[in-house]
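Shown next: final.tsv, given as TSV, C-alpha atoms.
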chain	number	residue	atom	x	y	z
X	541	MET	CA	-14.41	14.10	-35.88
X	542	THR	CA	-15.02	11.84	-32.87
X	543	GLN	CA	-18.00	12.60	-30.66
X	544	VAL	CA	-17.94	12.37	-26.86
X	545	ASN	CA	-20.17	9.56	-25.62
X	546	VAL	CA	-22.11	9.06	-22.42
X	547	GLY	CA	-19.70	7.39	-20.00
X	548	SER	CA	-16.60	9.10	-21.46
X	549	LEU	CA	-14.20	10.40	-18.80
X	550	LEU	CA	-12.99	13.94	-19.46
X	551	GLU	CA	-9.56	15.21	-18.49
X	552	HIS	CA	-9.48	18.09	-16.03
X	553	ARG	CA	-8.92	21.46	-17.67
X	554	LYS	CA	-9.04	25.11	-16.70
X	555	LEU	CA	-10.84	27.53	-19.02
X	556	LEU	CA	-11.08	31.32	-18.95
X	557	THR	CA	-14.34	33.22	-19.36
X	558	ILE	CA	-14.68	36.27	-21.59
X	559	HIS	CA	-14.17	38.31	-18.38
X	560	GLY	CA	-10.91	36.48	-17.55
X	561	ASP	CA	-12.33	34.37	-14.70
X	562	PRO	CA	-11.08	30.77	-14.35
X	563	VAL	CA	-13.53	27.87	-14.77
X	564	GLN	CA	-12.75	24.29	-13.80
X	565	LEU	CA	-14.06	21.51	-15.99
X	566	PRO	CA	-15.21	19.29	-14.40
X	567	GLU	CA	-16.29	21.07	-11.21
X	568	PRO	CA	-15.29	19.06	-8.11
X	569	GLU	CA	-18.58	19.56	-6.26
X	570	ARG	CA	-21.20	20.25	-8.94
X	571	LEU	CA	-22.58	18.98	-12.17
X	572	VAL	CA	-21.59	21.04	-15.21
X	573	HIS	CA	-23.91	21.77	-18.11
X	574	LEU	CA	-21.51	22.46	-20.95
X	575	GLN	CA	-23.24	24.07	-23.94
X	576	PHE	CA	-21.69	24.65	-27.34
X	577	ARG	CA	-23.46	27.44	-29.17
X	578	ARG	CA	-23.03	29.00	-32.61
X	579	TYR	CA	-21.63	32.48	-33.33
X	580	ALA	CA	-21.92	35.39	-30.86
X	581	GLY	CA	-24.62	37.28	-32.80
X	582	CYS	CA	-26.79	34.18	-33.38
X	583	PRO	CA	-30.37	35.22	-32.51
X	584	ILE	CA	-31.44	31.62	-31.81
X	585	CYS	CA	-28.55	31.13	-29.37
X	586	ASN	CA	-29.18	34.42	-27.63
X	587	MET	CA	-32.91	33.76	-27.24
X	588	HIS	CA	-32.11	30.33	-25.76
X	589	LEU	CA	-29.53	31.81	-23.37
X	590	ARG	CA	-32.08	34.40	-22.28
X	591	SER	CA	-34.33	31.53	-21.11
X	592	VAL	CA	-31.37	29.93	-19.31
X	593	SER	CA	-30.50	33.27	-17.72
X	594	GLN	CA	-34.06	33.80	-16.48
X	595	ARG	CA	-33.95	30.43	-14.69
X	596	HIS	CA	-30.31	30.52	-13.64
X	597	GLU	CA	-31.06	30.51	-9.89
X	598	GLU	CA	-33.22	27.41	-10.35
X	599	ILE	CA	-30.39	25.75	-12.31
X	600	ARG	CA	-27.85	26.62	-9.60
X	601	ALA	CA	-30.18	25.33	-6.89
X	602	ALA	CA	-30.25	22.00	-8.74
X	603	GLY	CA	-26.45	21.78	-8.30
X	604	ILE	CA	-25.54	22.68	-11.88
X	605	ARG	CA	-22.85	25.07	-13.13
X	606	GLU	CA	-23.61	26.56	-16.55
X	607	VAL	CA	-20.68	26.89	-18.95
X	608	VAL	CA	-21.38	28.14	-22.49
X	609	VAL	CA	-18.90	28.09	-25.38
X	610	PHE	CA	-19.11	30.15	-28.60
X	611	HIS	CA	-16.76	29.99	-31.59
X	612	SER	CA	-16.35	33.78	-31.54
X	613	SER	CA	-13.74	36.10	-30.09
X	614	ALA	CA	-14.08	37.38	-26.51
X	615	GLU	CA	-14.31	40.95	-27.86
X	616	THR	CA	-17.29	40.09	-30.05
X	617	MET	CA	-18.93	38.05	-27.30
X	618	LEU	CA	-18.70	40.82	-24.72
X	619	GLU	CA	-21.20	42.78	-26.83
X	620	PHE	CA	-23.75	39.94	-26.89
X	621	GLN	CA	-23.01	37.72	-23.87
X	622	GLY	CA	-21.19	40.10	-21.52
X	623	GLU	CA	-24.07	40.42	-19.07
X	624	LEU	CA	-24.97	36.73	-18.75
X	625	PRO	CA	-24.90	35.47	-15.13
X	626	PHE	CA	-22.89	32.31	-15.91
X	627	ALA	CA	-19.54	31.35	-17.41
X	628	VAL	CA	-19.16	32.13	-21.13
X	629	ILE	CA	-16.07	30.92	-23.00
X	630	ALA	CA	-14.63	32.20	-26.29
X	631	ASP	CA	-13.22	29.51	-28.58
X	632	PRO	CA	-12.59	31.23	-31.94
X	633	ALA	CA	-10.06	28.57	-32.97
X	634	LYS	CA	-12.69	25.87	-32.24
X	635	LYS	CA	-10.29	23.75	-30.18
X	636	LEU	CA	-12.98	22.70	-27.70
X	637	TYR	CA	-15.42	22.14	-30.55
X	638	ALA	CA	-12.94	19.71	-32.11
X	639	GLU	CA	-12.25	17.94	-28.79
X	640	PHE	CA	-15.97	17.39	-28.19
X	641	GLY	CA	-16.80	16.54	-31.80
X	642	VAL	CA	-19.18	19.49	-32.27
X	643	GLN	CA	-19.62	20.02	-35.99
X	644	SER	CA	-21.03	22.36	-38.60
X	645	SER	CA	-23.55	21.40	-41.26
X	646	LEU	CA	-25.92	22.89	-43.81
X	647	LYS	CA	-28.61	21.11	-41.76
X	648	ALA	CA	-28.07	23.80	-39.12
X	649	VAL	CA	-30.11	26.23	-41.23
X	650	LEU	CA	-31.88	23.99	-43.76
X	651	ASN	CA	-34.08	22.13	-41.25
X	652	PRO	CA	-37.55	23.76	-41.36
X	653	ARG	CA	-37.48	24.26	-37.57
X	654	ALA	CA	-34.30	26.37	-37.71
X	655	PRO	CA	-35.69	29.31	-39.76
X	656	LEU	CA	-38.88	29.29	-37.66
X	657	ALA	CA	-36.81	29.52	-34.48
X	658	GLY	CA	-34.71	32.24	-36.12
X	659	PHE	CA	-37.77	34.36	-36.98
X	660	ARG	CA	-39.07	33.97	-33.41
X	661	ALA	CA	-35.68	34.89	-32.02
X	662	ARG	CA	-35.36	37.98	-34.22
X	663	SER	CA	-38.64	39.30	-32.83
X	664	VAL	CA	-37.26	38.88	-29.28
X	665	VAL	CA	-33.55	39.63	-29.76
X	666	HIS	CA	-33.21	42.90	-31.64
X	667	SER	CA	-29.42	42.93	-32.06
X	668	VAL	CA	-29.05	40.63	-35.06
X	669	ARG	CA	-26.12	40.58	-37.44
X	670	GLY	CA	-24.26	38.18	-39.66
X	671	ALA	CA	-21.03	36.33	-39.07
X	672	MET	CA	-18.18	38.82	-38.72
X	673	GLY	CA	-15.35	37.48	-36.57
X	674	ILE	CA	-12.77	34.75	-37.06
X	675	GLY	CA	-14.42	31.38	-36.76
X	676	GLU	CA	-17.96	32.78	-36.94
X	677	LYS	CA	-20.12	30.71	-39.26
X	678	HIS	CA	-23.87	30.34	-39.66
X	679	LEU	CA	-23.60	26.57	-40.12
X	680	GLY	CA	-22.53	25.62	-36.59
X	681	LEU	CA	-24.57	23.06	-34.68
X	682	PRO	CA	-25.30	23.21	-30.95
X	683	ALA	CA	-24.36	20.53	-28.42
X	684	ASP	CA	-25.09	19.92	-24.73
X	685	PHE	CA	-23.22	17.81	-22.16
X	686	LEU	CA	-23.98	17.06	-18.52
X	687	ILE	CA	-20.72	16.31	-16.71
X	688	ALA	CA	-20.30	14.73	-13.27
X	689	PRO	CA	-17.78	16.04	-10.70
X	690	ASP	CA	-15.45	13.12	-11.52
X	691	GLY	CA	-15.45	14.08	-15.23
X	692	ARG	CA	-17.84	11.40	-16.49
X	693	VAL	CA	-20.23	12.46	-19.22
X	694	LEU	CA	-23.68	11.65	-17.85
X	695	ALA	CA	-25.75	12.84	-20.84
X	696	ALA	CA	-24.99	14.30	-24.26
X	697	LYS	CA	-26.98	15.83	-27.11
X	698	TYR	CA	-25.57	16.74	-30.50
X	699	GLY	CA	-28.06	19.10	-32.15
X	700	LYS	CA	-29.22	18.29	-35.66
X	701	TYR	CA	-30.20	21.90	-36.48
X	702	ALA	CA	-29.62	25.40	-35.10
X	703	SER	CA	-32.26	25.35	-32.34
X	704	ASP	CA	-31.92	21.67	-31.35
X	705	GLN	CA	-30.76	21.94	-27.74
X	706	TRP	CA	-31.91	20.96	-24.25
X	707	SER	CA	-34.56	23.18	-22.75
X	708	VAL	CA	-34.11	24.23	-19.12
X	709	ASP	CA	-36.79	21.73	-18.11
X	710	GLU	CA	-34.94	18.89	-19.89
X	711	LEU	CA	-31.69	19.93	-18.21
X	712	LEU	CA	-33.29	19.96	-14.76
X	713	ASP	CA	-34.90	16.56	-15.34
X	714	LEU	CA	-31.54	15.09	-16.40
X	715	ALA	CA	-29.78	16.62	-13.39
X	716	LYS	CA	-32.42	15.25	-11.01
X	717	LEU	CA	-32.11	11.76	-12.50
X	718	HIS	CA	-28.32	11.72	-12.38
X	719	SER	CA	-28.07	13.37	-8.96
X	720	ARG	CA	-30.14	10.50	-7.54
X	721	GLN	CA	-27.90	7.97	-9.29
X	722	LEU	CA	-24.72	9.67	-8.04
X	723	ALA	CA	-26.06	9.83	-4.48
X	724	ALA	CA	-27.20	6.19	-4.40
X	725	PRO	CA	-24.73	3.89	-2.61
X	726	ALA	CA	-23.13	1.27	-4.83
X	727	ARG	CA	-24.79	-2.09	-4.39
X	728	THR	CA	-22.63	-5.09	-3.68
X	729	PRO	CA	-23.89	-8.15	-5.47
X	730	ALA	CA	-25.29	-10.83	-3.19
X	731	PRO	CA	-23.02	-13.86	-2.84
X	732	ALA	CA	-23.97	-16.88	-4.92
X	733	PRO	CA	-25.77	-19.58	-2.93
X	734	THR	CA	-23.53	-22.40	-1.75
X	735	PRO	CA	-24.52	-25.76	-3.21
X	736	ALA	CA	-25.91	-28.18	-0.59
Kindly transcribe the structure held in the file into structure tokens.
Amino acid sequence: MTQVNVGSLLEHRKLLTIHGDPVQLPEPERLVHLQFRRYAGCPICNMHLRSVSQRHEEIRAAGIREVVVFHSSAETMLEFQGELPFAVIADPAKKLYAEFGVQSSLKAVLNPRAPLAGFRARSVVHSVRGAMGIGEKHLGLPADFLIAPDGRVLAAKYGKYASDQWSVDELLDLAKLHSRQLAAPARTPAPAPTPA
């Protein structure tokens, strides 16, 4: 499975949220933070998305559109992600996962940090259950992409275990860095000196 690299240019596509709303990827006037999460009932994912939700206005103010993908059905996701204030996409057939090279691995749950994050999440997120729907597996790995309005991938992170994703602070730092780079005028190289 081929991974998407920094500098890759993505084709324009239209996605539908679990509520049936259209989402453009890329967004013509904003950065997009595209997150690939695990299954809908994943306590680690839901705890992370709670932190994103709590700071969503700050993320929007930084010029970022949040788009989150799960490999669960829309029906299952409505129970867990239906109230989130940003775009949430169902991909039970894992088509987007395949296009972006987001994989599954035993490392998702075998890394010592994954169970620790899971125990913390279970104490915060009370609705915990196992994989139940088509495409729902415990072995999925997370991934994060920051995408420019022209479709260029500005930053990418393929998680090595279940809770290995960008924090909100890391996302905002990346957006600030790349917003400055996108706003800076292109420099024309100075002409070479003419020999005397």
(request) Counting all atoms listed in the file, find the residues whose atoms lie at most 8 Å from (-26.8, 35.2, -24.2) (file coordinates) and write them out as a ChimeraX atom specification. (result) /X:585-590,593,620-624
(request) Find the residue from X:Trp706, X:Phe626, X:Tyr698, X:Phe685 that sits nearest to X:His573; use only C-alpha atoms when measuring. (result)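 Of X:Trp706, X:Phe626, X:Tyr698, X:Phe685, the one nearest X:His573 is X:Phe685, counting only C-alpha atoms.
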(request) State, in Å with one decimal place, the distance from atom CA of X:Ser707 to atom CA of X:Asp631. (result) 23.0 Å
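Of the listed residues X:Gln721, X:Ala715, X:Gly603, X:Ile558, the one whose atoms come nearest to X:Ala695 is X:Ala715, with distances taken using only C-alpha atoms.
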(request) Find the residue from X:Gln643, X:Glu615, X:Tyr701, X:Pro632 that sits nearest to X:His559; use all atoms listed in the file when measuring. (result) X:Glu615
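Distance check against X:Val608 using only C-alpha atoms: of X:Cys582, X:Thr542, X:Asp684, X:Val642, the minimum falls on X:Asp684.
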(request) May I ask for the distance between atom CA of X:Val708 and atom CA of X:Gly560, given in Å to one decimal place? (result)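 Spanning atom CA of X:Val708 to atom CA of X:Gly560 is a straight-line distance of 26.3 Å.
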(request) Could you check how far atom CA of X:Leu717 sits from atom CA of X:Pro566, in Å to one decimal? (result)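 Atom-to-atom, atom CA of X:Leu717 to atom CA of X:Pro566, that is 18.6 Å.
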(request) Choose the residue, out of X:Ile604, X:Leu686, X:Val546, X:Ala630, that has the smallest atom-to-atom separation from X:Met617; count all atoms listed in the file. (result) X:Ala630
(message) Please list as a count of residues only every residue within 6 Å of X:Leu681, counting only C-alpha atoms and excluding residues in the same chain fewer than 2 positions away.
(response) 5
(message) Using all atoms listed in the file, can you tell me which of X:Ser591, X:Gly547, X:Val693, X:Ile629 comes closest to X:Pro562?
(response) X:Ile629
(request) Would you list the contacts of X:Glu551 as a PyMOL selection string, taking every protein, DNA or RNA residue within 10 Å and counting all atoms listed in the file, but skipping same-chain residues closer than 2 positions in sequence? (result) chain X and resi 548-549+553+565-566+690-692
(message) With all atoms listed in the file as the counted atoms, please give the residues lying no more than 10 Å from X:Gly641, apart from itself and same-chain residues fewer than 5 positions off, as a PyMOL selection string.
(response) chain X and resi 541-545+635-636+683+698
